[in-house]
$ cat my_file-v8.txt   # compact mmCIF, C-alpha atoms
# COMPACT_ATOMS: atom_id res chain seq x y z
CA THR A 1 104.03 73.57 83.04
CA THR A 2 102.89 77.17 82.99
CA GLU A 3 99.23 77.65 82.25
CA ILE A 4 98.41 80.95 80.54
CA TYR A 5 95.05 82.47 81.41
CA THR A 6 93.35 83.82 78.30
CA LEU A 7 90.53 86.30 77.93
CA SER A 8 87.84 86.42 75.31
CA LEU A 9 88.24 89.04 72.57
CA HIS A 10 85.35 91.02 74.08
CA ASP A 11 87.09 91.20 77.47
CA ALA A 12 90.47 92.03 75.91
CA LEU A 13 89.26 95.06 73.91
CA PRO A 14 89.13 97.51 76.89
CA ILE A 15 92.68 96.49 77.81
CA CYS A 16 93.92 97.13 74.27
CA ARG A 17 92.21 100.52 74.08
CA LEU A 18 93.59 101.57 77.46
CA LEU A 19 97.12 100.55 76.49
CA GLU A 20 96.78 102.35 73.17
CA ILE A 21 95.62 105.62 74.69
CA VAL A 22 98.44 105.59 77.29
CA GLU A 23 101.01 104.79 74.60
CA LYS A 24 99.80 107.67 72.44
CA ALA A 25 100.00 110.04 75.40
CA PHE A 26 103.65 109.15 75.98
CA ASP A 27 104.54 109.27 72.31
CA LYS A 28 103.62 112.94 72.00
CA ALA A 29 106.39 115.47 71.35
CA LYS A 30 105.50 116.81 74.80
CA PRO A 31 104.74 113.55 76.61
CA LEU A 32 101.78 112.96 78.87
CA PHE A 33 101.00 115.83 81.26
CA SER A 34 102.52 119.29 81.23
CA LEU A 35 101.84 119.65 84.98
CA ALA A 36 102.42 123.39 84.88
CA ILE A 37 100.76 123.75 88.29
CA TYR A 38 103.77 121.93 89.77
CA TYR A 39 106.28 123.94 87.72
CA PRO A 40 105.12 127.57 87.99
CA LEU A 41 108.68 128.92 87.86
CA ALA A 42 108.76 127.93 84.19
CA SER A 43 106.16 130.68 83.68
CA TYR A 44 107.68 133.24 86.01
CA CYS A 45 107.59 136.75 84.54
CA GLY A 46 108.09 138.90 87.62
CA PRO A 47 110.84 141.38 88.43
CA ASP A 48 112.87 139.08 90.70
CA LYS A 49 115.97 138.01 88.78
CA SER A 50 117.57 136.18 91.70
CA ILE A 51 115.41 133.05 91.69
CA ASP A 52 117.54 130.10 92.74
CA PRO A 53 118.09 127.77 89.73
CA PHE A 54 117.97 124.91 92.22
CA ASP A 55 114.34 125.73 93.04
CA LYS A 56 113.42 125.84 89.37
CA ASN A 57 115.18 122.54 88.68
CA ARG A 58 113.50 120.95 91.71
CA GLN A 59 110.08 121.79 90.27
CA LYS A 60 111.14 120.40 86.90
CA GLN A 61 112.30 117.15 88.50
CA LEU A 62 109.02 116.90 90.41
CA VAL A 63 107.11 116.93 87.12
CA ARG A 64 109.31 114.12 85.79
CA LEU A 65 108.78 112.15 89.01
CA ILE A 66 104.99 112.47 88.77
CA ARG A 67 105.01 111.29 85.15
CA THR A 68 107.14 108.28 86.11
CA GLN A 69 104.86 107.53 89.04
CA PHE A 70 101.86 107.46 86.74
CA LEU A 71 103.56 104.83 84.58
CA LYS A 72 104.49 102.73 87.62
CA ARG A 73 100.94 102.87 88.93
CA PHE A 74 99.58 101.94 85.50
CA GLU A 75 101.90 98.92 85.58
CA SER A 76 100.65 98.03 89.07
CA SER A 77 96.92 98.03 88.29
CA ALA A 78 94.29 99.90 86.33
CA HIS A 79 92.71 100.81 89.67
CA ALA A 80 95.89 102.45 91.00
CA PHE A 81 96.23 104.36 87.73
CA GLN A 82 92.59 105.43 87.98
CA CYS A 83 93.12 106.70 91.54
CA SER A 84 96.07 108.79 90.37
CA CYS A 85 94.10 110.21 87.44
CA ILE A 86 91.25 111.22 89.73
CA GLN A 87 93.55 112.79 92.31
CA LEU A 88 95.34 114.81 89.63
CA LEU A 89 92.05 115.83 87.99
CA LEU A 90 90.81 117.20 91.33
CA LYS A 91 94.05 119.17 91.82
CA LEU A 92 93.96 120.58 88.30
CA LEU A 93 90.29 121.51 88.54
CA SER A 94 90.88 123.15 91.92
CA PHE A 95 93.77 125.19 90.48
CA ALA A 96 91.68 126.21 87.45
CA LYS A 97 88.72 127.32 89.56
CA LYS A 98 90.98 129.23 91.93
CA HIS A 99 92.72 131.14 89.12
CA ALA A 100 89.92 131.52 86.55
CA VAL A 101 88.96 135.18 86.89
CA SER A 102 87.88 136.06 83.37
CA THR A 103 84.42 135.27 82.05
CA ALA A 104 86.01 133.28 79.23
CA ASP A 105 87.95 131.03 81.61
CA LEU A 106 84.91 130.47 83.84
CA ARG A 107 82.80 129.52 80.84
CA HIS A 108 85.63 127.30 79.65
CA ILE A 109 85.46 125.32 82.91
CA GLU A 110 81.66 125.17 82.88
CA LYS A 111 81.61 123.85 79.31
CA ARG A 112 84.21 121.21 80.13
CA GLU A 113 82.22 120.05 83.15
CA ALA A 114 78.99 119.91 81.15
CA ARG A 115 80.63 118.10 78.23
CA ASN A 116 82.21 115.55 80.57
CA ASP A 117 79.32 115.10 82.97
CA ASP A 118 79.68 111.31 82.81
CA VAL A 119 83.32 111.53 83.89
CA ILE A 120 82.44 113.97 86.69
CA THR A 121 79.77 111.57 87.95
CA PHE A 122 82.20 108.64 87.70
CA THR A 123 84.81 110.62 89.63
CA MET A 124 82.39 111.56 92.39
CA GLU A 125 81.30 107.93 92.74
CA HIS A 126 84.93 106.90 93.05
CA VAL A 127 85.66 109.56 95.69
CA ARG A 128 82.61 108.56 97.73
CA ARG A 129 83.52 104.88 97.60
CA TRP A 130 87.21 105.15 98.43
CA GLN A 131 87.08 108.33 100.55
CA PRO A 132 83.79 108.06 102.48
CA ALA A 133 82.39 111.45 103.49
CA THR A 134 80.26 112.48 106.43
CA GLU A 135 76.56 113.18 105.92
CA GLU A 136 77.30 116.92 105.90
CA GLU A 137 79.83 116.47 103.07
CA ALA A 138 77.88 113.96 101.00
CA ASP A 139 76.23 116.48 98.68
CA GLU A 140 79.20 118.79 98.19
CA ASP A 141 80.58 119.62 94.75
CA LEU A 142 83.49 117.70 93.34
CA VAL A 143 85.79 120.59 94.22
CA THR A 144 85.16 121.56 97.83
CA PRO A 145 85.87 124.92 99.49
CA GLU A 146 88.64 123.20 101.48
CA MET A 147 90.31 122.07 98.26
CA LEU A 148 90.19 125.60 96.86
CA GLU A 149 91.60 126.98 100.08
CA ASN A 150 94.56 124.59 99.83
CA VAL A 151 95.54 125.95 96.40
CA GLU A 152 98.28 128.56 96.61
CA GLU A 153 97.14 131.49 94.49
CA LEU A 154 99.75 132.74 92.03
CA SER A 155 100.22 136.45 91.49
CA ARG A 156 99.48 137.53 87.93
CA ASP A 157 102.17 140.18 88.34
CA GLU A 158 104.77 137.45 88.79
CA TYR A 159 103.48 134.50 86.78
CA ASP A 160 101.91 134.00 83.38
CA VAL A 161 98.80 132.48 84.93
CA ASP A 162 96.93 132.40 81.63
CA ALA A 163 99.66 130.20 80.12
CA ILE A 164 99.54 127.88 83.15
CA LEU A 165 95.75 127.69 82.83
CA ARG A 166 96.03 126.69 79.18
CA GLU A 167 98.44 123.91 80.09
CA THR A 168 96.13 122.90 82.92
CA PHE A 169 93.14 122.62 80.58
CA ASP A 170 95.22 120.44 78.24
CA ASP A 171 96.19 118.19 81.15
CA MET A 172 92.55 117.92 82.19
CA ASP A 173 91.60 116.85 78.66
CA GLN A 174 94.23 114.10 78.76
CA ILE A 175 93.00 112.82 82.12
CA VAL A 176 89.40 112.86 80.93
CA ASP A 177 90.46 110.68 77.98
CA PHE A 178 92.04 108.22 80.42
CA LEU A 179 89.02 108.22 82.73
CA LYS A 180 86.56 107.67 79.89
CA GLU A 181 88.45 104.49 79.03
CA LEU A 182 88.92 103.48 82.67
CA LYS A 183 85.19 103.89 83.17
CA LYS A 184 84.68 100.99 80.75
CA PHE A 185 87.36 98.87 82.40
CA LYS A 186 85.88 96.18 84.66
CA PRO A 187 87.56 93.57 86.90
CA ARG A 188 86.67 90.89 84.35
CA ASN A 189 88.89 92.78 81.86
CA ASP A 190 91.84 92.64 84.28
CA SER A 191 93.90 89.72 83.02
CA LYS A 192 96.36 89.85 85.94
CA LEU A 193 93.52 89.78 88.47
CA GLN A 194 91.71 86.95 86.70
CA ALA A 195 94.93 84.92 86.44
CA LEU A 196 95.53 85.43 90.18
CA ILE A 197 91.99 84.32 91.06
CA LYS A 198 92.40 81.23 88.87
CA LEU A 199 95.69 80.34 90.57
CA LEU A 200 94.31 80.80 94.08
CA LYS A 201 91.25 78.68 93.30
CA GLU A 202 92.67 75.96 91.08
CA ASP A 203 96.41 75.58 91.61
CA PRO A 204 96.94 72.32 93.53
CA VAL A 205 99.46 73.94 95.88
CA LEU A 206 98.33 77.57 96.21
CA SER A 207 94.66 76.66 96.70
CA LYS A 208 95.56 74.69 99.85
CA HIS A 209 98.04 77.05 101.49
CA LYS A 210 98.29 80.61 102.76
CA VAL A 211 99.61 83.10 100.24
CA ILE A 212 101.25 86.53 100.64
CA ILE A 213 100.80 88.98 97.76
CA PHE A 214 103.13 91.98 97.70
CA THR A 215 102.34 95.14 95.78
CA GLU A 216 103.99 98.55 95.73
CA PHE A 217 100.83 100.63 96.05
CA ALA A 218 98.12 100.54 98.71
CA ASP A 219 95.45 101.31 96.10
CA THR A 220 96.30 98.07 94.30
CA ALA A 221 96.24 96.19 97.61
CA HIS A 222 92.77 97.56 98.43
CA TYR A 223 91.56 96.63 94.96
CA LEU A 224 92.89 93.07 95.22
CA ARG A 225 91.40 92.62 98.69
CA ASP A 226 87.93 93.60 97.50
CA GLU A 227 88.05 91.66 94.24
CA LEU A 228 89.41 88.46 95.82
CA ARG A 229 86.63 88.56 98.39
CA GLU A 230 84.12 89.23 95.63
CA ALA A 231 85.45 86.16 93.80
CA GLY A 232 84.62 84.00 96.82
CA ILE A 233 88.13 83.60 98.21
CA THR A 234 87.90 83.48 102.00
CA GLY A 235 90.33 84.57 104.70
CA VAL A 236 91.61 87.57 102.73
CA ASP A 237 93.31 90.30 104.76
CA GLU A 238 95.15 93.43 103.66
CA VAL A 239 97.90 95.37 105.40
CA ASP A 240 99.42 98.68 104.33
CA SER A 241 101.09 101.71 105.87
CA SER A 242 97.75 103.07 107.09
CA THR A 243 96.81 99.87 108.98
CA LYS A 244 96.35 100.66 112.68
CA ARG A 245 96.28 97.10 113.98
CA ASP A 246 99.26 95.66 115.83
CA ARG A 247 101.66 94.21 113.26
CA GLY A 248 102.70 91.45 115.69
CA ASP A 249 99.09 90.26 115.96
CA ILE A 250 98.77 90.26 112.17
CA ILE A 251 101.93 88.18 111.77
CA ARG A 252 100.77 85.72 114.44
CA GLN A 253 97.42 85.33 112.70
CA PHE A 254 99.13 84.50 109.42
CA ALA A 255 101.71 82.11 110.91
CA PRO A 256 100.63 81.11 114.44
CA TYR A 257 102.79 77.97 114.58
CA TYR A 258 106.00 79.88 113.91
CA ASN A 259 105.03 82.64 116.35
CA ASP A 260 104.38 80.52 119.47
CA SER A 261 100.59 80.59 119.33
CA SER A 262 97.79 78.39 118.10
CA SER A 263 94.60 78.76 116.10
CA ALA A 264 92.57 78.18 119.28
CA GLU A 265 94.35 81.01 121.09
CA LEU A 266 93.81 83.37 118.17
CA ALA A 267 90.13 82.47 117.95
CA ALA A 268 89.71 83.30 121.64
CA GLU A 269 91.14 86.79 121.25

$ encode --input "my_file-v8.txt" --output "structure tokens"
Amino acid sequence: TTEIYTLSLHDALPICRLLEIVEKAFDKAKPLFSLAIYYPLASYCGPDKSIDPFDKNRQKQLVRLIRTQFLKRFESSAHAFQCSCIQLLLKLLSFAKKHAVSTADLRHIEKREARNDDVITFTMEHVRRWQPATEEEADEDLVTPEMLENVEELSRDEYDVDAILRETFDDMDQIVDFLKELKKFKPRNDSKLQALIKLLKEDPVLSKHKVIIFTEFADTAHYLRDELREAGITGVDEVDSSTKRDRGDIIRQFAPYYNDSSSAELAAE
């Protein structure tokens, strides 16, 4: 018998709103993000007529890939989707600040930051939690000098930078809409997480045995690790591509009997 975990109407509302806003974004005539910063050749207006069509098509395909990746991360977890939104917001804001030379554009950015101060604060809190900074970096602005330095500056003689900026501002507005909804989204609203916790605590088989949980994205793995521990589930470990520990040791810890070791030996290490 399959037991379906249900949420109260209050808990389900943030999920419904988040799904609705993502669905509307993809239903637009020009779906989701324009991502003009990744497709500058679409706004090329310089004298060079020999630009390789392959390069232009590669940029176009990159935009499609990023859009698809956003959907896949949304499917994986709200946290993974949130991480992607924040990363893209930082890149867009860095590009805008690097290329905003007119007084109008600079004021445009300042007004957006002031109007979305809650989202900026939320973003900074996220960055500090998941990308801990040194004491010297702790009070830096959301967009650091290093981030600006990493932005390749486009020549206004070769590209319609103003058009790219307009597209960038539109993309930023879309991400802000996502982040405002994600800001309200709490682990208790996460039906998949709550169902997993219920299974691990109450299922007569799973609650008594070791369990491996696979996920495509490290951000989702980090999120699950923290939330399972927070829920009181002990012995939780997490392994991803950035893990520096010896993989053999990790495997032996999970299955010592099948890897010629014992719990006593592992405890002594």

$ atom_distance --input "my_file-v8.txt" --atom1 "atom CA of A:Ala25" --atom2 "atom CA of A:Ile120"
21.2 Å

$ closest_residue --input "my_file-v8.txt" --among "A:Gly235, A:Pro53, A:Leu71, A:Val211" --to "A:Leu196" --atoms "only C-alpha atoms"
A:Val211

$ closest_residue --input "my_file-v8.txt" --among "A:Lys192, A:Arg166, A:Arg64, A:His126" --to "A:Gln87" --atoms "all atoms listed in the file"
A:His126

$ closest_atom_pairs --input "my_file-v8.txt" --of "stretch 167-262 of chain A" --to "stretch 158-163 of chain A" --cutoff "12 Å" --atoms "all atoms listed in the file" --output "Markdown table"
| residue | atom | partner | partner_atom | distance |
| --- | --- | --- | --- | --- |
| A:Glu167 | CA | A:Ala163 | CA | 6.4 |
| A:Thr168 | CA | A:Ala163 | CA | 8.6 |
| A:Phe169 | CA | A:Ala163 | CA | 10.0 |
| A:Asp170 | CA | A:Ala163 | CA | 10.9 |

$ residues_around --input "my_file-v8.txt" --residues "A:Asp240" --least-positions-apart "6" --cutoff "9 Å" --atoms "all atoms listed in the file" --output "VMD selection string"
chain A and resid 217 to 218 221 to 222

$ write_last_selection --input "my_file-v8.txt" --atoms "C-alpha atoms" --output "PDB file, keeping the file's coordinate frame"
ATOM      1  CA  PHE A 217     100.830 100.630  96.050  1.00  0.00           C
ATOM      2  CA  ALA A 218      98.120 100.540  98.710  1.00  0.00           C
ATOM      3  CA  ALA A 221      96.240  96.190  97.610  1.00  0.00           C
ATOM      4  CA  HIS A 222      92.770  97.560  98.430  1.00  0.00           C
TER       5      HIS A 222
END

$ closest_residue --input "my_file-v8.txt" --among "A:Glu125, A:Asp157, A:Asp27, A:Glu216" --to "A:Pro47" --atoms "all atoms listed in the file"
A:Asp157

$ atom_distance --input "my_file-v8.txt" --atom1 "atom CA of A:Glu113" --atom2 "atom CA of A:Ile175"
13.0 Å

$ atom_distance --input "my_file-v8.txt" --atom1 "atom CA of A:Phe214" --atom2 "atom CA of A:Cys85"
22.8 Å

$ residues_around --input "my_file-v8.txt" --residues "A:Ile250" --least-positions-apart "4" --cutoff "12 Å" --atoms "all atoms listed in the file" --output "compact mmCIF listing (two decimals) with C-alpha atoms, in the coordinates of the input"
# COMPACT_ATOMS: atom_id res chain seq x y z
CA ASP A 237 93.31 90.30 104.76
CA GLU A 238 95.15 93.43 103.66
CA VAL A 239 97.90 95.37 105.40
CA ASP A 240 99.42 98.68 104.33
CA THR A 243 96.81 99.87 108.98
CA LYS A 244 96.35 100.66 112.68
CA ARG A 245 96.28 97.10 113.98
CA ASP A 246 99.26 95.66 115.83
CA PHE A 254 99.13 84.50 109.42
CA ALA A 255 101.71 82.11 110.91
CA PRO A 256 100.63 81.11 114.44
CA ASN A 259 105.03 82.64 116.35
CA LEU A 266 93.81 83.37 118.17

$ residues_near_point --input "my_file-v8.txt" --point "(104.7, 124.1, 86.7)" --cutoff "10 Å" --atoms "all atoms listed in the file" --output "list in words"
Ser34, Leu35, Ala36, Ile37, Tyr38, Tyr39, Pro40, Leu41, Ala42, Ser43, Tyr44, Lys56, Gln59, Lys60, Leu62, Val63, Ile164, Glu167 and Thr168 of chain A

$ closest_residue --input "my_file-v8.txt" --among "A:Phe33, A:Phe81, A:Phe54, A:Phe70" --to "A:Phe185" --atoms "only C-alpha atoms"
A:Phe81

$ residues_near_point --input "my_file-v8.txt" --point "(94.2, 83.7, 89.3)" --cutoff "12 Å" --atoms "all atoms listed in the file" --output "PDB file with C-alpha atoms, in the coordinates of the input"
ATOM      1  CA  GLU A   3      99.230  77.650  82.250  1.00  0.00           C
ATOM      2  CA  ILE A   4      98.410  80.950  80.540  1.00  0.00           C
ATOM      3  CA  TYR A   5      95.050  82.470  81.410  1.00  0.00           C
ATOM      4  CA  THR A   6      93.350  83.820  78.300  1.00  0.00           C
ATOM      5  CA  ARG A 188      86.670  90.890  84.350  1.00  0.00           C
ATOM      6  CA  ASP A 190      91.840  92.640  84.280  1.00  0.00           C
ATOM      7  CA  SER A 191      93.900  89.720  83.020  1.00  0.00           C
ATOM      8  CA  LYS A 192      96.360  89.850  85.940  1.00  0.00           C
ATOM      9  CA  LEU A 193      93.520  89.780  88.470  1.00  0.00           C
ATOM     10  CA  GLN A 194      91.710  86.950  86.700  1.00  0.00           C
ATOM     11  CA  ALA A 195      94.930  84.920  86.440  1.00  0.00           C
ATOM     12  CA  LEU A 196      95.530  85.430  90.180  1.00  0.00           C
ATOM     13  CA  ILE A 197      91.990  84.320  91.060  1.00  0.00           C
ATOM     14  CA  LYS A 198      92.400  81.230  88.870  1.00  0.00           C
ATOM     15  CA  LEU A 199      95.690  80.340  90.570  1.00  0.00           C
ATOM     16  CA  LEU A 200      94.310  80.800  94.080  1.00  0.00           C
ATOM     17  CA  LYS A 201      91.250  78.680  93.300  1.00  0.00           C
ATOM     18  CA  GLU A 202      92.670  75.960  91.080  1.00  0.00           C
ATOM     19  CA  ASP A 203      96.410  75.580  91.610  1.00  0.00           C
ATOM     20  CA  LEU A 206      98.330  77.570  96.210  1.00  0.00           C
ATOM     21  CA  SER A 207      94.660  76.660  96.700  1.00  0.00           C
ATOM     22  CA  ILE A 213     100.800  88.980  97.760  1.00  0.00           C
ATOM     23  CA  LEU A 224      92.890  93.070  95.220  1.00  0.00           C
ATOM     24  CA  GLU A 227      88.050  91.660  94.240  1.00  0.00           C
ATOM     25  CA  LEU A 228      89.410  88.460  95.820  1.00  0.00           C
ATOM     26  CA  ALA A 231      85.450  86.160  93.800  1.00  0.00           C
ATOM     27  CA  ILE A 233      88.130  83.600  98.210  1.00  0.00           C
TER      28      ILE A 233
END

$ residues_around --input "my_file-v8.txt" --residues "A:Arg112" --least-positions-apart "5" --cutoff "9 Å" --atoms "all atoms listed in the file" --output "NGL selection string"
:A and (107 or 117 or 173)

$ residues_around --input "my_file-v8.txt" --residues "A:Leu88" --least-positions-apart "4" --cutoff "10 Å" --atoms "all atoms listed in the file" --output "list in words"
Leu35, Ile66, Gln82, Cys83, Ser84, Leu92, Leu93, Ser94, Asp171, Met172 and Ile175 of chain A
